[in-house]
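Student: mmCIF, N, CA and C atoms, file target_25.cif:
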```cif
data_my_file
loop_
_atom_site.label_atom_id
_atom_site.label_comp_id
_atom_site.auth_asym_id
_atom_site.auth_seq_id
_atom_site.Cartn_x
_atom_site.Cartn_y
_atom_site.Cartn_z
N MET F 1 0.85 -1.18 0.00
CA MET F 1 0.00 0.00 0.00
C MET F 1 0.89 1.24 0.00
N ALA F 2 0.46 2.28 -0.69
CA ALA F 2 1.26 3.50 -0.80
C ALA F 2 0.54 4.67 -0.15
N GLU F 3 1.31 5.57 0.39
CA GLU F 3 0.77 6.80 0.95
C GLU F 3 1.24 7.94 0.06
N CYS F 4 0.30 8.78 -0.37
CA CYS F 4 0.63 9.89 -1.24
C CYS F 4 0.21 11.19 -0.58
N THR F 5 1.10 12.14 -0.57
CA THR F 5 0.78 13.45 -0.02
C THR F 5 1.31 14.53 -0.95
N ILE F 6 0.62 15.65 -0.92
CA ILE F 6 1.07 16.80 -1.68
C ILE F 6 1.44 17.88 -0.68
N LYS F 7 2.71 18.22 -0.65
CA LYS F 7 3.21 19.29 0.21
C LYS F 7 3.21 20.57 -0.60
N ASN F 8 3.22 21.71 0.09
CA ASN F 8 3.24 22.97 -0.65
C ASN F 8 4.03 24.04 0.09
N GLN F 9 4.35 25.07 -0.63
CA GLN F 9 5.12 26.21 -0.11
C GLN F 9 4.27 27.48 -0.06
N ILE F 10 2.95 27.33 -0.02
CA ILE F 10 2.06 28.48 -0.11
C ILE F 10 2.29 29.48 1.01
N ARG F 11 2.41 29.02 2.24
CA ARG F 11 2.59 29.94 3.36
C ARG F 11 3.86 30.77 3.18
N THR F 12 4.95 30.11 2.80
CA THR F 12 6.21 30.81 2.58
C THR F 12 6.08 31.81 1.44
N LEU F 13 5.45 31.41 0.35
CA LEU F 13 5.29 32.30 -0.79
C LEU F 13 4.40 33.49 -0.46
N ARG F 14 3.37 33.26 0.33
CA ARG F 14 2.51 34.38 0.76
C ARG F 14 3.31 35.37 1.59
N PHE F 15 4.13 34.86 2.48
CA PHE F 15 4.96 35.72 3.32
C PHE F 15 5.92 36.55 2.45
N MET F 16 6.54 35.88 1.48
CA MET F 16 7.50 36.56 0.62
C MET F 16 6.83 37.55 -0.34
N ALA F 17 5.53 37.41 -0.52
CA ALA F 17 4.77 38.31 -1.39
C ALA F 17 4.12 39.42 -0.55
N GLY F 18 4.88 39.98 0.36
CA GLY F 18 4.37 41.08 1.17
C GLY F 18 3.35 40.67 2.19
N GLU F 19 3.50 39.44 2.70
CA GLU F 19 2.57 38.89 3.69
C GLU F 19 1.13 38.89 3.17
N MET F 20 0.98 38.42 1.94
CA MET F 20 -0.34 38.28 1.32
C MET F 20 -1.22 37.41 2.22
N THR F 21 -2.46 37.82 2.39
CA THR F 21 -3.37 37.04 3.23
C THR F 21 -3.96 35.88 2.43
N GLN F 22 -4.50 34.92 3.15
CA GLN F 22 -5.19 33.81 2.50
C GLN F 22 -6.37 34.34 1.70
N LYS F 23 -7.05 35.33 2.22
CA LYS F 23 -8.19 35.93 1.52
C LYS F 23 -7.76 36.56 0.21
N GLU F 24 -6.66 37.30 0.23
CA GLU F 24 -6.16 37.93 -0.99
C GLU F 24 -5.80 36.89 -2.04
N LEU F 25 -5.14 35.83 -1.62
CA LEU F 25 -4.78 34.76 -2.55
C LEU F 25 -6.04 34.10 -3.10
N ALA F 26 -6.99 33.83 -2.23
CA ALA F 26 -8.24 33.19 -2.65
C ALA F 26 -8.95 34.03 -3.70
N GLU F 27 -9.01 35.34 -3.49
CA GLU F 27 -9.67 36.22 -4.45
C GLU F 27 -8.96 36.20 -5.80
N ARG F 28 -7.66 36.16 -5.79
CA ARG F 28 -6.88 36.15 -7.04
C ARG F 28 -7.02 34.84 -7.79
N VAL F 29 -7.22 33.75 -7.03
CA VAL F 29 -7.33 32.42 -7.63
C VAL F 29 -8.78 32.09 -8.00
N GLY F 30 -9.74 32.69 -7.29
CA GLY F 30 -11.15 32.42 -7.57
C GLY F 30 -11.72 31.30 -6.72
N VAL F 31 -11.20 31.15 -5.50
CA VAL F 31 -11.72 30.15 -4.56
C VAL F 31 -11.98 30.84 -3.22
N THR F 32 -12.45 30.10 -2.24
CA THR F 32 -12.70 30.68 -0.92
C THR F 32 -11.44 30.67 -0.07
N ARG F 33 -11.45 31.51 0.95
CA ARG F 33 -10.33 31.53 1.89
C ARG F 33 -10.18 30.17 2.57
N GLN F 34 -11.31 29.52 2.85
CA GLN F 34 -11.29 28.20 3.49
C GLN F 34 -10.59 27.17 2.60
N THR F 35 -10.77 27.30 1.30
CA THR F 35 -10.10 26.39 0.36
C THR F 35 -8.59 26.59 0.42
N ILE F 36 -8.15 27.84 0.40
CA ILE F 36 -6.72 28.13 0.49
C ILE F 36 -6.17 27.62 1.82
N MET F 37 -6.92 27.84 2.89
CA MET F 37 -6.49 27.39 4.22
C MET F 37 -6.30 25.87 4.23
N ALA F 38 -7.25 25.13 3.66
CA ALA F 38 -7.18 23.67 3.63
C ALA F 38 -6.04 23.17 2.74
N ILE F 39 -5.82 23.82 1.59
CA ILE F 39 -4.71 23.43 0.71
C ILE F 39 -3.39 23.69 1.41
N GLU F 40 -3.26 24.86 2.01
CA GLU F 40 -2.03 25.24 2.69
C GLU F 40 -1.69 24.28 3.83
N ALA F 41 -2.71 23.80 4.53
CA ALA F 41 -2.51 22.88 5.65
C ALA F 41 -2.39 21.42 5.18
N ALA F 42 -2.38 21.20 3.87
CA ALA F 42 -2.29 19.86 3.27
C ALA F 42 -3.44 18.96 3.69
N LYS F 43 -4.60 19.55 3.93
CA LYS F 43 -5.80 18.77 4.26
C LYS F 43 -6.67 18.56 3.03
N TYR F 44 -6.31 19.23 1.95
CA TYR F 44 -7.07 19.16 0.71
C TYR F 44 -6.11 19.33 -0.45
N SER F 45 -6.24 18.49 -1.46
CA SER F 45 -5.40 18.62 -2.65
C SER F 45 -6.16 19.42 -3.69
N PRO F 46 -5.53 20.46 -4.23
CA PRO F 46 -6.23 21.30 -5.20
C PRO F 46 -6.39 20.60 -6.54
N SER F 47 -7.37 21.08 -7.30
CA SER F 47 -7.49 20.60 -8.68
C SER F 47 -6.26 21.09 -9.43
N LEU F 48 -6.00 20.51 -10.55
CA LEU F 48 -4.85 20.92 -11.36
C LEU F 48 -4.99 22.38 -11.76
N GLU F 49 -6.19 22.79 -12.13
CA GLU F 49 -6.43 24.18 -12.53
C GLU F 49 -6.12 25.14 -11.38
N VAL F 50 -6.59 24.85 -10.18
CA VAL F 50 -6.35 25.71 -9.03
C VAL F 50 -4.86 25.73 -8.68
N ALA F 51 -4.21 24.59 -8.77
CA ALA F 51 -2.77 24.52 -8.49
C ALA F 51 -1.99 25.42 -9.45
N PHE F 52 -2.33 25.37 -10.74
CA PHE F 52 -1.66 26.22 -11.72
C PHE F 52 -1.94 27.69 -11.46
N LYS F 53 -3.17 28.02 -11.07
CA LYS F 53 -3.52 29.41 -10.78
C LYS F 53 -2.73 29.93 -9.58
N ILE F 54 -2.59 29.11 -8.55
CA ILE F 54 -1.82 29.52 -7.37
C ILE F 54 -0.37 29.77 -7.77
N ALA F 55 0.21 28.87 -8.53
CA ALA F 55 1.60 29.04 -8.98
C ALA F 55 1.74 30.30 -9.82
N GLN F 56 0.76 30.57 -10.66
CA GLN F 56 0.80 31.75 -11.53
C GLN F 56 0.76 33.04 -10.71
N VAL F 57 -0.04 33.07 -9.65
CA VAL F 57 -0.10 34.26 -8.78
C VAL F 57 1.29 34.62 -8.26
N PHE F 58 2.06 33.61 -7.91
CA PHE F 58 3.39 33.84 -7.35
C PHE F 58 4.49 33.90 -8.41
N GLY F 59 4.13 33.66 -9.67
CA GLY F 59 5.13 33.67 -10.74
C GLY F 59 6.14 32.55 -10.60
N GLU F 60 5.68 31.43 -10.08
CA GLU F 60 6.56 30.27 -9.84
C GLU F 60 6.09 29.08 -10.67
N PRO F 61 7.01 28.19 -11.03
CA PRO F 61 6.58 26.95 -11.70
C PRO F 61 5.82 26.08 -10.70
N LEU F 62 4.94 25.28 -11.20
CA LEU F 62 4.08 24.43 -10.36
C LEU F 62 4.89 23.61 -9.36
N GLU F 63 6.01 23.04 -9.81
CA GLU F 63 6.80 22.17 -8.93
C GLU F 63 7.54 22.93 -7.83
N SER F 64 7.61 24.25 -7.93
CA SER F 64 8.18 25.05 -6.85
C SER F 64 7.15 25.32 -5.75
N VAL F 65 5.88 25.25 -6.12
CA VAL F 65 4.81 25.51 -5.16
C VAL F 65 4.32 24.21 -4.53
N PHE F 66 4.18 23.16 -5.34
CA PHE F 66 3.65 21.88 -4.86
C PHE F 66 4.66 20.76 -5.09
N GLN F 67 4.78 19.88 -4.11
CA GLN F 67 5.66 18.72 -4.22
C GLN F 67 4.84 17.46 -3.89
N TYR F 68 4.88 16.54 -4.82
CA TYR F 68 4.17 15.27 -4.64
C TYR F 68 5.12 14.28 -4.00
N GLN F 69 4.67 13.68 -2.89
CA GLN F 69 5.50 12.70 -2.20
C GLN F 69 4.76 11.37 -2.16
N HIS F 70 5.43 10.35 -2.63
CA HIS F 70 4.87 9.00 -2.71
C HIS F 70 5.80 8.07 -1.94
N ARG F 71 5.24 7.32 -1.03
CA ARG F 71 6.09 6.36 -0.32
C ARG F 71 5.30 5.09 -0.05
N GLU F 72 6.02 4.00 -0.10
CA GLU F 72 5.42 2.69 0.17
C GLU F 72 5.31 2.48 1.67
N LEU F 73 4.22 1.90 2.10
CA LEU F 73 4.03 1.61 3.54
C LEU F 73 4.45 0.20 3.85
#
```
As a first step, turn the structure in this file into structure tokens.
Tutor:
Amino acid sequence: MAECTIKNQIRTLRFMAGEMTQKELAERVGVTRQTIMAIEAAKYSPSLEVAFKIAQVFGEPLESVFQYQHREL
């Protein structure tokens, strides 16, 4: 059995972007603040479209914002 998780750098990127709030990011991406909060806490995996939009807001490639980790149990 495998465990898959998606880690992200959203909190760090928000901080580096002038301490952008979750609400500001959510508005720019077109989702709710709760969605950003859940993605940032790795409790929810974003759709591919939302992941690309988040990366675009920060001007970063997708793999700099999100990291997929796969490990066998």
Student: F:Val57: which residues within 8 Å, counting only N, CA and C atoms, same-chain residues fewer than 3 positions away excluded, as a ChimeraX atom specification?
Tutor: /F:25,28-29,51-54,60
Student: Can you list, as a ChimeraX atom specification, every protein, DNA or RNA residue that comes within 8 Å of F:Ile36 when you count only N, CA and C atoms, leaving out same-chain residues fewer than 4 positions away?
Tutor: /F:22-23,25-26,31-32,40-42
Student: Give the strand (DSSP E or B) residues of chain F, as assigned by DSSP on the backbone, as a VMD selection string.
Tutor: chain F and resid 2 to 8 66 to 72
Student: Could you tell me how far atom C of F:Arg14 sits from atom CA of F:Pro61, in Å to one decimal place?
Tutor: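 About the pair atom CA of F:Pro61 and atom C of F:Arg14: they are 16.1 Å apart.
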Student: Can you measure atom C of F:Glu63 to atom CA of F:Ala38 for me? One decimal in Å is fine.
Tutor: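 The value is 18.7 Å.
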Student: Ranking F:Ser45, F:Arg33, F:Gln69, F:Ile39 by minimum distance to F:Thr21 and counting only C-alpha atoms, which one comes first?
Tutor: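 For F:Thr21, the nearest of the candidates is F:Arg33.
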Student: Please report the interatomic distance between atom C of F:Met20 and atom N of F:Thr5 in Å with one decimal.
Tutor: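 According to the coordinates, atom C of F:Met20 and atom N of F:Thr5 are separated by 25.5 Å.
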Student: Considering only alpha helix (DSSP H) as DSSP defines it on the backbone, what residues of chain F qualify? List them as an MDAnalysis selection string.
Tutor: chainID F and resid 10:16 22:29 33:40 48:58 62:65
Student: Kindly complete stretch 9-32 of chain F to N, CA, C and O atoms; the output should be written as a compact mmCIF listing (two decimals), keeping the file's coordinate frame.
Tutor:
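Saved result, out.txt, follows:
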```
# COMPACT_ATOMS: atom_id res chain seq x y z
N GLN F 9 4.35 25.07 -0.63
CA GLN F 9 5.12 26.21 -0.11
C GLN F 9 4.27 27.48 -0.06
O GLN F 9 4.79 28.59 -0.06
N ILE F 10 2.95 27.33 -0.02
CA ILE F 10 2.06 28.48 -0.11
C ILE F 10 2.29 29.48 1.01
O ILE F 10 2.38 30.69 0.77
N ARG F 11 2.41 29.02 2.24
CA ARG F 11 2.59 29.94 3.36
C ARG F 11 3.86 30.77 3.18
O ARG F 11 3.86 31.99 3.34
N THR F 12 4.95 30.11 2.80
CA THR F 12 6.21 30.81 2.58
C THR F 12 6.08 31.81 1.44
O THR F 12 6.54 32.95 1.54
N LEU F 13 5.45 31.41 0.35
CA LEU F 13 5.29 32.30 -0.79
C LEU F 13 4.40 33.49 -0.46
O LEU F 13 4.66 34.60 -0.91
N ARG F 14 3.37 33.26 0.33
CA ARG F 14 2.51 34.38 0.76
C ARG F 14 3.31 35.37 1.59
O ARG F 14 3.19 36.58 1.41
N PHE F 15 4.13 34.86 2.48
CA PHE F 15 4.96 35.72 3.32
C PHE F 15 5.92 36.55 2.45
O PHE F 15 6.08 37.75 2.65
N MET F 16 6.54 35.88 1.48
CA MET F 16 7.50 36.56 0.62
C MET F 16 6.83 37.55 -0.34
O MET F 16 7.49 38.43 -0.89
N ALA F 17 5.53 37.41 -0.52
CA ALA F 17 4.77 38.31 -1.39
C ALA F 17 4.12 39.42 -0.55
O ALA F 17 2.94 39.74 -0.72
N GLY F 18 4.88 39.98 0.36
CA GLY F 18 4.37 41.08 1.17
C GLY F 18 3.35 40.67 2.19
O GLY F 18 2.43 41.44 2.50
N GLU F 19 3.50 39.44 2.70
CA GLU F 19 2.57 38.89 3.69
C GLU F 19 1.13 38.89 3.17
O GLU F 19 0.20 39.30 3.85
N MET F 20 0.98 38.42 1.94
CA MET F 20 -0.34 38.28 1.32
C MET F 20 -1.22 37.41 2.22
O MET F 20 -0.77 36.39 2.73
N THR F 21 -2.46 37.82 2.39
CA THR F 21 -3.37 37.04 3.23
C THR F 21 -3.96 35.88 2.43
O THR F 21 -3.95 35.88 1.19
N GLN F 22 -4.50 34.92 3.15
CA GLN F 22 -5.19 33.81 2.50
C GLN F 22 -6.37 34.34 1.70
O GLN F 22 -6.65 33.85 0.60
N LYS F 23 -7.05 35.33 2.22
CA LYS F 23 -8.19 35.93 1.52
C LYS F 23 -7.76 36.56 0.21
O LYS F 23 -8.43 36.39 -0.82
N GLU F 24 -6.66 37.30 0.23
CA GLU F 24 -6.16 37.93 -0.99
C GLU F 24 -5.80 36.89 -2.04
O GLU F 24 -6.15 37.04 -3.22
N LEU F 25 -5.14 35.83 -1.62
CA LEU F 25 -4.78 34.76 -2.55
C LEU F 25 -6.04 34.10 -3.10
O LEU F 25 -6.16 33.87 -4.30
N ALA F 26 -6.99 33.83 -2.23
CA ALA F 26 -8.24 33.19 -2.65
C ALA F 26 -8.95 34.03 -3.70
O ALA F 26 -9.45 33.49 -4.70
N GLU F 27 -9.01 35.34 -3.49
CA GLU F 27 -9.67 36.22 -4.45
C GLU F 27 -8.96 36.20 -5.80
O GLU F 27 -9.62 36.19 -6.85
N ARG F 28 -7.66 36.16 -5.79
CA ARG F 28 -6.88 36.15 -7.04
C ARG F 28 -7.02 34.84 -7.79
O ARG F 28 -6.95 34.80 -9.02
N VAL F 29 -7.22 33.75 -7.03
CA VAL F 29 -7.33 32.42 -7.63
C VAL F 29 -8.78 32.09 -8.00
O VAL F 29 -9.03 31.30 -8.90
N GLY F 30 -9.74 32.69 -7.29
CA GLY F 30 -11.15 32.42 -7.57
C GLY F 30 -11.72 31.30 -6.72
O GLY F 30 -12.62 30.58 -7.16
N VAL F 31 -11.20 31.15 -5.50
CA VAL F 31 -11.72 30.15 -4.56
C VAL F 31 -11.98 30.84 -3.22
O VAL F 31 -11.75 32.04 -3.08
N THR F 32 -12.45 30.10 -2.24
CA THR F 32 -12.70 30.68 -0.92
C THR F 32 -11.44 30.67 -0.07
O THR F 32 -10.50 29.92 -0.34
```
